[in-house]
$ cat my_file_0.cif   # mmCIF, C-alpha atoms
data_coords
loop_
_atom_site.label_atom_id
_atom_site.label_comp_id
_atom_site.auth_asym_id
_atom_site.auth_seq_id
_atom_site.Cartn_x
_atom_site.Cartn_y
_atom_site.Cartn_z
CA GLY A 1 18.13 -50.12 -54.94
CA ALA A 2 17.43 -46.90 -53.12
CA GLY A 3 14.21 -46.18 -54.96
CA VAL A 4 11.77 -47.55 -57.49
CA SER A 5 13.37 -47.59 -60.92
CA GLN A 6 11.39 -47.56 -64.15
CA SER A 7 12.60 -47.96 -67.70
CA PRO A 8 12.51 -46.60 -70.25
CA SER A 9 11.75 -43.09 -69.04
CA ASN A 10 10.28 -42.22 -72.44
CA LYS A 11 8.94 -44.42 -75.21
CA VAL A 12 7.54 -43.41 -78.56
CA THR A 13 5.94 -46.22 -80.52
CA GLU A 14 3.86 -46.63 -83.61
CA LYS A 15 0.22 -47.57 -83.35
CA GLY A 16 -0.19 -51.34 -83.45
CA LYS A 17 3.24 -52.17 -82.01
CA ASP A 18 3.76 -53.95 -78.69
CA VAL A 19 5.62 -52.25 -75.83
CA GLU A 20 7.14 -53.53 -72.62
CA LEU A 21 7.66 -51.34 -69.57
CA ARG A 22 9.87 -52.34 -66.68
CA CYS A 23 9.75 -51.64 -62.96
CA ASP A 24 12.42 -52.44 -60.37
CA PRO A 25 10.87 -52.10 -56.90
CA ILE A 26 12.65 -51.34 -53.66
CA SER A 27 14.34 -54.45 -52.36
CA GLY A 28 12.18 -56.15 -49.75
CA HIS A 29 8.93 -54.50 -50.81
CA THR A 30 6.41 -57.27 -51.21
CA ALA A 31 3.72 -55.19 -52.91
CA LEU A 32 3.98 -53.68 -56.39
CA TYR A 33 1.44 -51.52 -58.19
CA TRP A 34 0.99 -50.17 -61.70
CA TYR A 35 -0.99 -46.98 -62.34
CA ARG A 36 -1.68 -44.98 -65.46
CA GLN A 37 -1.75 -41.18 -65.51
CA ARG A 38 -3.33 -39.62 -68.54
CA LEU A 39 -2.88 -35.94 -69.27
CA GLY A 40 -5.09 -33.90 -66.96
CA GLN A 41 -6.43 -36.99 -65.20
CA GLY A 42 -5.86 -38.66 -61.88
CA LEU A 43 -4.06 -41.91 -61.36
CA GLU A 44 -5.86 -44.93 -62.74
CA PHE A 45 -5.13 -48.24 -61.00
CA LEU A 46 -4.07 -51.03 -63.36
CA ILE A 47 -2.73 -54.04 -61.44
CA TYR A 48 -1.41 -55.01 -58.00
CA PHE A 49 1.00 -57.77 -56.97
CA GLN A 50 1.37 -58.89 -53.36
CA GLY A 51 4.02 -61.49 -52.66
CA ASN A 52 3.18 -64.81 -54.28
CA SER A 53 -0.58 -64.22 -54.27
CA ALA A 54 -2.55 -64.03 -57.48
CA PRO A 55 -2.38 -60.45 -58.79
CA ASP A 56 -5.35 -58.09 -58.66
CA LYS A 57 -5.91 -57.37 -62.35
CA SER A 58 -9.20 -55.57 -61.88
CA GLY A 59 -7.91 -52.27 -63.27
CA LEU A 60 -6.53 -53.49 -66.57
CA PRO A 61 -8.54 -51.65 -69.26
CA SER A 62 -8.46 -54.39 -71.90
CA ASP A 63 -6.93 -57.76 -72.73
CA ARG A 64 -4.18 -55.92 -74.60
CA PHE A 65 -2.70 -55.11 -71.21
CA SER A 66 -0.85 -57.69 -69.12
CA ALA A 67 1.78 -57.67 -66.39
CA GLU A 68 4.12 -60.13 -64.79
CA ARG A 69 6.20 -60.19 -61.68
CA THR A 70 8.69 -62.82 -60.67
CA GLY A 71 8.62 -63.30 -56.92
CA GLU A 72 9.25 -59.98 -55.22
CA SER A 73 11.45 -58.54 -57.91
CA VAL A 74 11.10 -56.91 -61.30
CA SER A 75 7.75 -56.42 -62.98
CA THR A 76 6.99 -55.85 -66.64
CA LEU A 77 3.84 -54.27 -68.02
CA THR A 78 3.12 -55.24 -71.62
CA ILE A 79 0.75 -53.43 -73.93
CA GLN A 80 -0.02 -55.24 -77.16
CA ARG A 81 -1.20 -53.59 -80.37
CA THR A 82 -0.87 -50.11 -78.88
CA GLN A 83 -3.53 -47.50 -79.57
CA GLN A 84 -3.31 -43.72 -79.35
CA GLU A 85 -5.48 -43.73 -76.22
CA ASP A 86 -2.74 -45.74 -74.49
CA SER A 87 -0.55 -42.61 -74.50
CA ALA A 88 0.04 -41.76 -70.84
CA VAL A 89 2.59 -41.87 -68.06
CA TYR A 90 2.76 -45.34 -66.55
CA LEU A 91 3.73 -45.25 -62.89
CA CYS A 92 4.99 -48.11 -60.78
CA ALA A 93 5.02 -48.11 -56.99
CA SER A 94 6.10 -50.54 -54.32
CA SER A 95 5.41 -50.88 -50.62
CA LEU A 96 5.86 -53.18 -47.68
CA GLY A 97 2.15 -53.98 -47.98
CA GLY A 98 0.73 -51.55 -45.47
CA PRO A 99 -2.06 -49.19 -46.49
CA GLY A 100 -1.05 -46.25 -48.61
CA SER A 101 2.64 -45.64 -48.00
CA TYR A 102 3.77 -46.30 -51.53
CA THR A 103 7.09 -45.33 -53.08
CA PHE A 104 6.65 -44.34 -56.69
CA GLY A 105 9.06 -44.46 -59.60
CA SER A 106 9.44 -41.53 -61.97
CA GLY A 107 7.28 -43.21 -64.56
CA THR A 108 7.49 -44.13 -68.23
CA ARG A 109 5.98 -41.61 -70.62
CA LEU A 110 4.45 -43.59 -73.49
CA THR A 111 3.50 -41.81 -76.69
CA VAL A 112 1.70 -43.76 -79.40
CA VAL A 113 1.88 -42.09 -82.80
CA GLY B 1 -17.10 -47.66 -54.29
CA ASN B 2 -14.35 -45.42 -52.98
CA SER B 3 -13.79 -42.00 -54.53
CA VAL B 4 -11.81 -38.83 -53.90
CA THR B 5 -12.77 -35.38 -55.12
CA GLN B 6 -10.28 -32.52 -55.22
CA MET B 7 -10.66 -28.90 -56.17
CA GLU B 8 -9.68 -28.24 -59.75
CA GLY B 9 -6.55 -26.30 -60.50
CA PRO B 10 -4.41 -24.66 -61.24
CA VAL B 11 -4.16 -22.81 -57.98
CA THR B 12 -2.01 -19.74 -58.52
CA LEU B 13 -0.52 -17.97 -55.51
CA SER B 14 2.19 -15.49 -54.69
CA GLU B 15 5.04 -16.52 -52.43
CA GLU B 16 4.14 -16.42 -48.70
CA ALA B 17 0.41 -16.69 -49.39
CA PHE B 18 -1.83 -19.11 -47.48
CA LEU B 19 -2.72 -22.34 -49.27
CA THR B 20 -5.79 -24.52 -49.03
CA ILE B 21 -6.50 -27.41 -51.38
CA ASN B 22 -9.85 -29.03 -50.71
CA CYS B 23 -10.33 -32.78 -50.68
CA THR B 24 -13.43 -34.78 -49.87
CA TYR B 25 -13.93 -38.52 -50.04
CA THR B 26 -16.46 -41.29 -50.19
CA ALA B 27 -15.55 -44.63 -48.68
CA THR B 28 -16.93 -47.53 -46.71
CA GLY B 29 -15.64 -47.97 -43.20
CA TYR B 30 -12.77 -45.92 -41.85
CA PRO B 31 -10.17 -45.26 -44.52
CA SER B 32 -6.67 -43.89 -44.13
CA LEU B 33 -6.11 -40.62 -45.96
CA PHE B 34 -3.03 -39.34 -47.75
CA TRP B 35 -1.59 -36.41 -49.62
CA TYR B 36 0.99 -37.13 -52.30
CA VAL B 37 3.02 -34.51 -54.16
CA GLN B 38 4.46 -34.75 -57.67
CA TYR B 39 7.21 -32.27 -58.51
CA PRO B 40 7.87 -31.60 -62.21
CA GLY B 41 9.49 -34.57 -63.90
CA GLU B 42 9.38 -36.75 -60.80
CA GLY B 43 7.26 -39.54 -59.38
CA LEU B 44 4.74 -39.09 -56.61
CA GLN B 45 6.02 -38.72 -53.06
CA LEU B 46 4.07 -39.24 -49.88
CA LEU B 47 3.64 -35.84 -48.24
CA LEU B 48 1.54 -36.70 -45.19
CA LYS B 49 -1.08 -39.09 -43.93
CA ALA B 50 -3.72 -39.61 -41.25
CA THR B 51 -5.12 -42.97 -40.27
CA LYS B 52 -8.09 -42.11 -38.05
CA ALA B 53 -10.61 -39.39 -37.43
CA ASP B 54 -9.30 -36.11 -35.99
CA ASP B 55 -5.69 -37.10 -36.71
CA LYS B 56 -3.57 -34.33 -38.17
CA GLY B 57 -0.87 -35.23 -40.64
CA SER B 58 1.96 -32.76 -41.12
CA ASN B 59 5.20 -32.46 -43.07
CA LYS B 60 7.31 -29.65 -44.56
CA GLY B 61 4.92 -27.02 -43.21
CA PHE B 62 1.87 -28.69 -44.77
CA GLU B 63 -1.00 -29.93 -42.61
CA ALA B 64 -4.24 -31.82 -43.12
CA THR B 65 -6.82 -32.94 -40.57
CA TYR B 66 -8.98 -36.03 -41.02
CA ARG B 67 -12.57 -34.81 -40.57
CA LYS B 68 -14.95 -37.74 -40.50
CA GLU B 69 -18.06 -35.61 -40.00
CA THR B 70 -17.42 -33.71 -43.24
CA THR B 71 -15.51 -36.56 -44.98
CA SER B 72 -12.73 -34.11 -45.75
CA PHE B 73 -8.94 -33.94 -45.64
CA HIS B 74 -8.05 -30.43 -46.80
CA LEU B 75 -4.38 -29.58 -47.31
CA GLU B 76 -3.10 -26.29 -45.85
CA LYS B 77 0.14 -24.38 -45.63
CA GLY B 78 0.58 -21.04 -43.97
CA SER B 79 3.21 -19.58 -46.30
CA VAL B 80 3.95 -21.17 -49.66
CA GLN B 81 7.27 -21.02 -51.48
CA VAL B 82 8.12 -21.17 -55.16
CA SER B 83 9.58 -24.62 -54.52
CA ASP B 84 6.12 -25.86 -53.48
CA SER B 85 4.96 -25.61 -57.09
CA ALA B 86 3.83 -29.14 -57.93
CA VAL B 87 0.75 -31.31 -58.41
CA TYR B 88 -0.91 -32.45 -55.18
CA PHE B 89 -2.95 -35.65 -55.01
CA CYS B 90 -5.36 -36.61 -52.26
CA ALA B 91 -5.83 -40.36 -51.80
CA LEU B 92 -7.51 -42.91 -49.58
CA SER B 93 -7.02 -46.52 -48.63
CA ASP B 94 -9.68 -48.63 -46.99
CA GLY B 95 -7.11 -51.25 -46.06
CA TYR B 96 -8.56 -53.85 -48.42
CA SER B 97 -7.78 -52.37 -51.80
CA THR B 98 -5.19 -50.21 -53.45
CA LEU B 99 -4.99 -46.45 -53.11
CA THR B 100 -7.76 -44.43 -54.73
CA PHE B 101 -6.50 -41.06 -55.97
CA GLY B 102 -8.13 -37.78 -56.78
CA LYS B 103 -7.41 -36.09 -60.10
CA GLY B 104 -4.70 -33.88 -58.65
CA THR B 105 -4.46 -30.14 -58.15
CA MET B 106 -1.66 -28.15 -59.72
CA LEU B 107 -0.16 -25.42 -57.53
CA LEU B 108 1.80 -22.62 -59.13
CA VAL B 109 3.66 -20.22 -56.81
CA SER B 110 5.17 -17.06 -58.24
CA PRO B 111 7.93 -14.97 -56.61
#
$ encode --input "my_file_0.cif" --output "structure tokens"
Amino acid sequence: GAGVSQSPSNKVTEKGKDVELRCDPISGHTALYWYRQRLGQGLEFLIYFQGNSAPDKSGLPSDRFSAERTGESVSTLTIQRTQQEDSAVYLCASSLGGPGSYTFGSGTRLTVV
Amino acid sequence: GNSVTQMEGPVTLSEEAFLTINCTYTATGYPSLFWYVQYPGEGLQLLLKATKADDKGSNKGFEATYRKETTSFHLEKGSVQVSDSAVYFCALSDGYSTLTFGKGTMLLVSP
């Protein structure tokens, strides 16, 4: 597609439920990134996929968080047993792999009630 | 580790005023530096970048110069417009890891 597409755009879930967030990167972009943006905070790195290499999971805040990516296509970020502190905007970005020139999606706003 | 520090907002200006948003960084080696902008309800967009010392990035009337001696990359615009109201993020990449972002600075421009 023309840009990075994320779905859903908004998600309200009850505490303790699992959620799955989806990211469709730009076709041909080998690198894909997930960030979290809490209210009033900067962007917090979560996970990074580059081609078929093992992902960099160093930013995942707990084992409740996981992400998958099949080849160079869609990625899903899963949060199990959601907590209120998981409420944030989850941003996905993709790039050709060079430093810094990421294209971001519009994000998924997750609210845990 | 790498870090980026931005001035806290919001920055409130009248249309046609001069804008400066300060950004300083800490990094090993020689990072590339970036400014991203996030308009209301949208994702982040790359505004400009500089990849080596003394480089000046520019776009849409915005400029920033990579100052290695002061480890700074301040964003400037000579005359802001209402449509520039957004959140501005300074970021760096050392080429080995993902982008490190500052906390963002909200700019509000009134007519």
$ residues_around --input "my_file_0.cif" --residues "Met106 in chain B" --least-positions-apart "6" --cutoff "10 Å" --atoms "only C-alpha atoms" --output "mmCIF file with C-alpha atoms, keeping the file's coordinate frame"
data_model
loop_
_atom_site.group_PDB
_atom_site.id
_atom_site.type_symbol
_atom_site.label_atom_id
_atom_site.label_comp_id
_atom_site.auth_asym_id
_atom_site.auth_seq_id
_atom_site.Cartn_x
_atom_site.Cartn_y
_atom_site.Cartn_z
ATOM 1 C CA GLY A 40 -5.090 -33.900 -66.960
ATOM 2 C CA MET B 7 -10.660 -28.900 -56.170
ATOM 3 C CA GLU B 8 -9.680 -28.240 -59.750
ATOM 4 C CA GLY B 9 -6.550 -26.300 -60.500
ATOM 5 C CA PRO B 10 -4.410 -24.660 -61.240
ATOM 6 C CA VAL B 11 -4.160 -22.810 -57.980
ATOM 7 C CA THR B 12 -2.010 -19.740 -58.520
ATOM 8 C CA ILE B 21 -6.500 -27.410 -51.380
ATOM 9 C CA VAL B 37 3.020 -34.510 -54.160
ATOM 10 C CA GLN B 38 4.460 -34.750 -57.670
ATOM 11 C CA TYR B 39 7.210 -32.270 -58.510
ATOM 12 C CA SER B 85 4.960 -25.610 -57.090
ATOM 13 C CA ALA B 86 3.830 -29.140 -57.930
ATOM 14 C CA VAL B 87 0.750 -31.310 -58.410
ATOM 15 C CA TYR B 88 -0.910 -32.450 -55.180
ATOM 16 C CA PHE B 89 -2.950 -35.650 -55.010
#
$ closest_residue --input "my_file_0.cif" --among "B:Thr98, B:Ser58, B:Gln45, B:Asn2" --to "Asp56 in chain A" --atoms "all atoms listed in the file"
B:Thr98
$ atom_distance --input "my_file_0.cif" --atom1 "CA of Thr82 in chain A" --atom2 "CA of Gly1 in chain B"
29.6 Å
$ resolve_selection --input "my_file_0.cif" --expression "the PyMOL selection byres ((chain A) within 12 of (chain B))" --output "MDAnalysis selection string"
chainID A and resid 3:6 9:10 31:50 55:59 89:95 97:109
$ resolve_selection --input "my_file_0.cif" --expression "the PyMOL selection byres ((chain A and resi 13) around 12)" --output "ChimeraX atom specification"
/A:10-12,14-20,79-84,86-87,109-113
$ residues_near_point --input "my_file_0.cif" --point "(16.1, -58.0, -50.1)" --cutoff "10 Å" --atoms "only C-alpha atoms" --output "PyMOL selection string"
chain A and resi 1+26-30+72-73
$ closest_residue --input "my_file_0.cif" --among "B:Lys56, B:Phe62, B:Lys68, B:Val109" --to "Thr28 in chain B" --atoms "only C-alpha atoms"
B:Lys68
$ closest_residue --input "my_file_0.cif" --among "B:Tyr25, B:Val80, B:Pro40, B:Ser72" --to "Asp54 in chain B" --atoms "only C-alpha atoms"
B:Ser72
$ atom_distance --input "my_file_0.cif" --atom1 "CA of Pro61 in chain A" --atom2 "CA of Ser3 in chain B"
18.4 Å
$ atom_distance --input "my_file_0.cif" --atom1 "CA of Leu108 in chain B" --atom2 "CA of Ala17 in chain B"
11.5 Å
$ decode --input "my_file_0.cif" --residues "range 12-105 of chain B" --atoms "C-alpha atoms" --output "PDB file, in the first residue's frame"
ATOM      1  CA  THR B  12       2.647  28.864  22.392  1.00  0.00           C
ATOM      2  CA  LEU B  13       3.268  31.389  19.628  1.00  0.00           C
ATOM      3  CA  SER B  14       1.361  33.836  17.501  1.00  0.00           C
ATOM      4  CA  GLU B  15       1.321  33.396  13.749  1.00  0.00           C
ATOM      5  CA  GLU B  16       4.489  34.718  12.027  1.00  0.00           C
ATOM      6  CA  ALA B  17       6.561  34.463  15.205  1.00  0.00           C
ATOM      7  CA  PHE B  18      10.040  32.909  15.231  1.00  0.00           C
ATOM      8  CA  LEU B  19      10.259  29.337  16.513  1.00  0.00           C
ATOM      9  CA  THR B  20      13.060  27.529  18.283  1.00  0.00           C
ATOM     10  CA  ILE B  21      12.673  24.093  19.841  1.00  0.00           C
ATOM     11  CA  ASN B  22      15.814  22.968  21.635  1.00  0.00           C
ATOM     12  CA  CYS B  23      17.170  19.444  21.347  1.00  0.00           C
ATOM     13  CA  THR B  24      20.340  17.988  22.799  1.00  0.00           C
ATOM     14  CA  TYR B  25      21.571  14.426  22.650  1.00  0.00           C
ATOM     15  CA  THR B  26      23.901  11.895  24.176  1.00  0.00           C
ATOM     16  CA  ALA B  27      25.257   9.153  21.960  1.00  0.00           C
ATOM     17  CA  THR B  28      28.330   7.108  21.227  1.00  0.00           C
ATOM     18  CA  GLY B  29      30.032   7.713  17.926  1.00  0.00           C
ATOM     19  CA  TYR B  30      28.508   9.902  15.261  1.00  0.00           C
ATOM     20  CA  PRO B  31      24.745   9.538  15.157  1.00  0.00           C
ATOM     21  CA  SER B  32      22.312  10.751  12.531  1.00  0.00           C
ATOM     22  CA  LEU B  33      19.782  13.252  13.837  1.00  0.00           C
ATOM     23  CA  PHE B  34      16.142  13.716  12.916  1.00  0.00           C
ATOM     24  CA  TRP B  35      13.088  15.819  13.543  1.00  0.00           C
ATOM     25  CA  TYR B  36       9.705  14.146  13.232  1.00  0.00           C
ATOM     26  CA  VAL B  37       6.342  15.928  13.361  1.00  0.00           C
ATOM     27  CA  GLN B  38       3.013  14.517  14.511  1.00  0.00           C
ATOM     28  CA  TYR B  39      -0.077  16.440  13.424  1.00  0.00           C
ATOM     29  CA  PRO B  40      -3.267  15.879  15.435  1.00  0.00           C
ATOM     30  CA  GLY B  41      -4.717  12.437  14.821  1.00  0.00           C
ATOM     31  CA  GLU B  42      -1.890  11.348  12.537  1.00  0.00           C
ATOM     32  CA  GLY B  43       1.260   9.276  12.730  1.00  0.00           C
ATOM     33  CA  LEU B  44       4.740  10.721  12.892  1.00  0.00           C
ATOM     34  CA  GLN B  45       6.257  12.108   9.712  1.00  0.00           C
ATOM     35  CA  LEU B  46       9.913  12.722   9.022  1.00  0.00           C
ATOM     36  CA  LEU B  47      10.419  16.490   8.851  1.00  0.00           C
ATOM     37  CA  LEU B  48      14.163  16.750   8.300  1.00  0.00           C
ATOM     38  CA  LYS B  49      17.441  15.038   9.039  1.00  0.00           C
ATOM     39  CA  ALA B  50      21.197  15.538   9.190  1.00  0.00           C
ATOM     40  CA  THR B  51      23.718  12.742   9.033  1.00  0.00           C
ATOM     41  CA  LYS B  52      27.006  14.430   9.958  1.00  0.00           C
ATOM     42  CA  ALA B  53      28.375  17.354  11.891  1.00  0.00           C
ATOM     43  CA  ASP B  54      27.612  20.833  10.529  1.00  0.00           C
ATOM     44  CA  ASP B  55      24.988  19.458   8.140  1.00  0.00           C
ATOM     45  CA  LYS B  56      21.807  21.504   7.970  1.00  0.00           C
ATOM     46  CA  GLY B  57      18.531  19.715   7.403  1.00  0.00           C
ATOM     47  CA  SER B  58      15.650  21.740   6.021  1.00  0.00           C
ATOM     48  CA  ASN B  59      12.060  21.220   4.917  1.00  0.00           C
ATOM     49  CA  LYS B  60       8.852  23.292   4.778  1.00  0.00           C
ATOM     50  CA  GLY B  61      10.670  26.349   6.127  1.00  0.00           C
ATOM     51  CA  PHE B  62      12.063  24.456   9.121  1.00  0.00           C
ATOM     52  CA  GLU B  63      15.814  24.125   9.658  1.00  0.00           C
ATOM     53  CA  ALA B  64      18.122  22.368  12.086  1.00  0.00           C
ATOM     54  CA  THR B  65      21.917  22.262  12.172  1.00  0.00           C
ATOM     55  CA  TYR B  66      23.880  19.316  13.553  1.00  0.00           C
ATOM     56  CA  ARG B  67      26.251  20.822  16.139  1.00  0.00           C
ATOM     57  CA  LYS B  68      28.675  18.209  17.382  1.00  0.00           C
ATOM     58  CA  GLU B  69      30.511  20.572  19.727  1.00  0.00           C
ATOM     59  CA  THR B  70      27.318  21.321  21.664  1.00  0.00           C
ATOM     60  CA  THR B  71      25.608  17.962  20.885  1.00  0.00           C
ATOM     61  CA  SER B  72      22.561  19.877  19.729  1.00  0.00           C
ATOM     62  CA  PHE B  73      20.073  19.846  16.860  1.00  0.00           C
ATOM     63  CA  HIS B  74      17.721  22.758  17.533  1.00  0.00           C
ATOM     64  CA  LEU B  75      14.692  23.188  15.276  1.00  0.00           C
ATOM     65  CA  GLU B  76      13.968  26.683  13.925  1.00  0.00           C
ATOM     66  CA  LYS B  77      11.446  28.370  11.686  1.00  0.00           C
ATOM     67  CA  GLY B  78      11.402  32.035  10.849  1.00  0.00           C
ATOM     68  CA  SER B  79       7.637  32.532  10.638  1.00  0.00           C
ATOM     69  CA  VAL B  80       5.236  29.923  11.988  1.00  0.00           C
ATOM     70  CA  GLN B  81       1.724  29.302  10.711  1.00  0.00           C
ATOM     71  CA  VAL B  82      -1.364  27.956  12.441  1.00  0.00           C
ATOM     72  CA  SER B  83      -0.957  24.801  10.359  1.00  0.00           C
ATOM     73  CA  ASP B  84       2.409  24.156  12.055  1.00  0.00           C
ATOM     74  CA  SER B  85       0.601  23.326  15.298  1.00  0.00           C
ATOM     75  CA  ALA B  86       1.729  19.792  16.088  1.00  0.00           C
ATOM     76  CA  VAL B  87       4.028  17.763  18.326  1.00  0.00           C
ATOM     77  CA  TYR B  88       7.690  17.795  17.293  1.00  0.00           C
ATOM     78  CA  PHE B  89      10.035  14.935  18.167  1.00  0.00           C
ATOM     79  CA  CYS B  90      13.811  15.029  18.023  1.00  0.00           C
ATOM     80  CA  ALA B  91      15.460  11.645  17.455  1.00  0.00           C
ATOM     81  CA  LEU B  92      18.812  10.028  16.838  1.00  0.00           C
ATOM     82  CA  SER B  93      20.128   6.877  15.256  1.00  0.00           C
ATOM     83  CA  ASP B  94      23.617   5.542  15.824  1.00  0.00           C
ATOM     84  CA  GLY B  95      23.264   3.199  12.874  1.00  0.00           C
ATOM     85  CA  TYR B  96      23.290   0.086  15.041  1.00  0.00           C
ATOM     86  CA  SER B  97      20.018   0.381  16.891  1.00  0.00           C
ATOM     87  CA  THR B  98      16.563   1.760  16.390  1.00  0.00           C
ATOM     88  CA  LEU B  99      15.649   5.413  16.654  1.00  0.00           C
ATOM     89  CA  THR B 100      15.807   6.990  20.096  1.00  0.00           C
ATOM     90  CA  PHE B 101      13.189   9.714  20.524  1.00  0.00           C
ATOM     91  CA  GLY B 102      12.824  12.670  22.815  1.00  0.00           C
ATOM     92  CA  LYS B 103       9.571  13.187  24.701  1.00  0.00           C
ATOM     93  CA  GLY B 104       8.185  15.575  22.113  1.00  0.00           C
ATOM     94  CA  THR B 105       7.354  19.264  22.239  1.00  0.00           C
TER      95      THR B 105
END
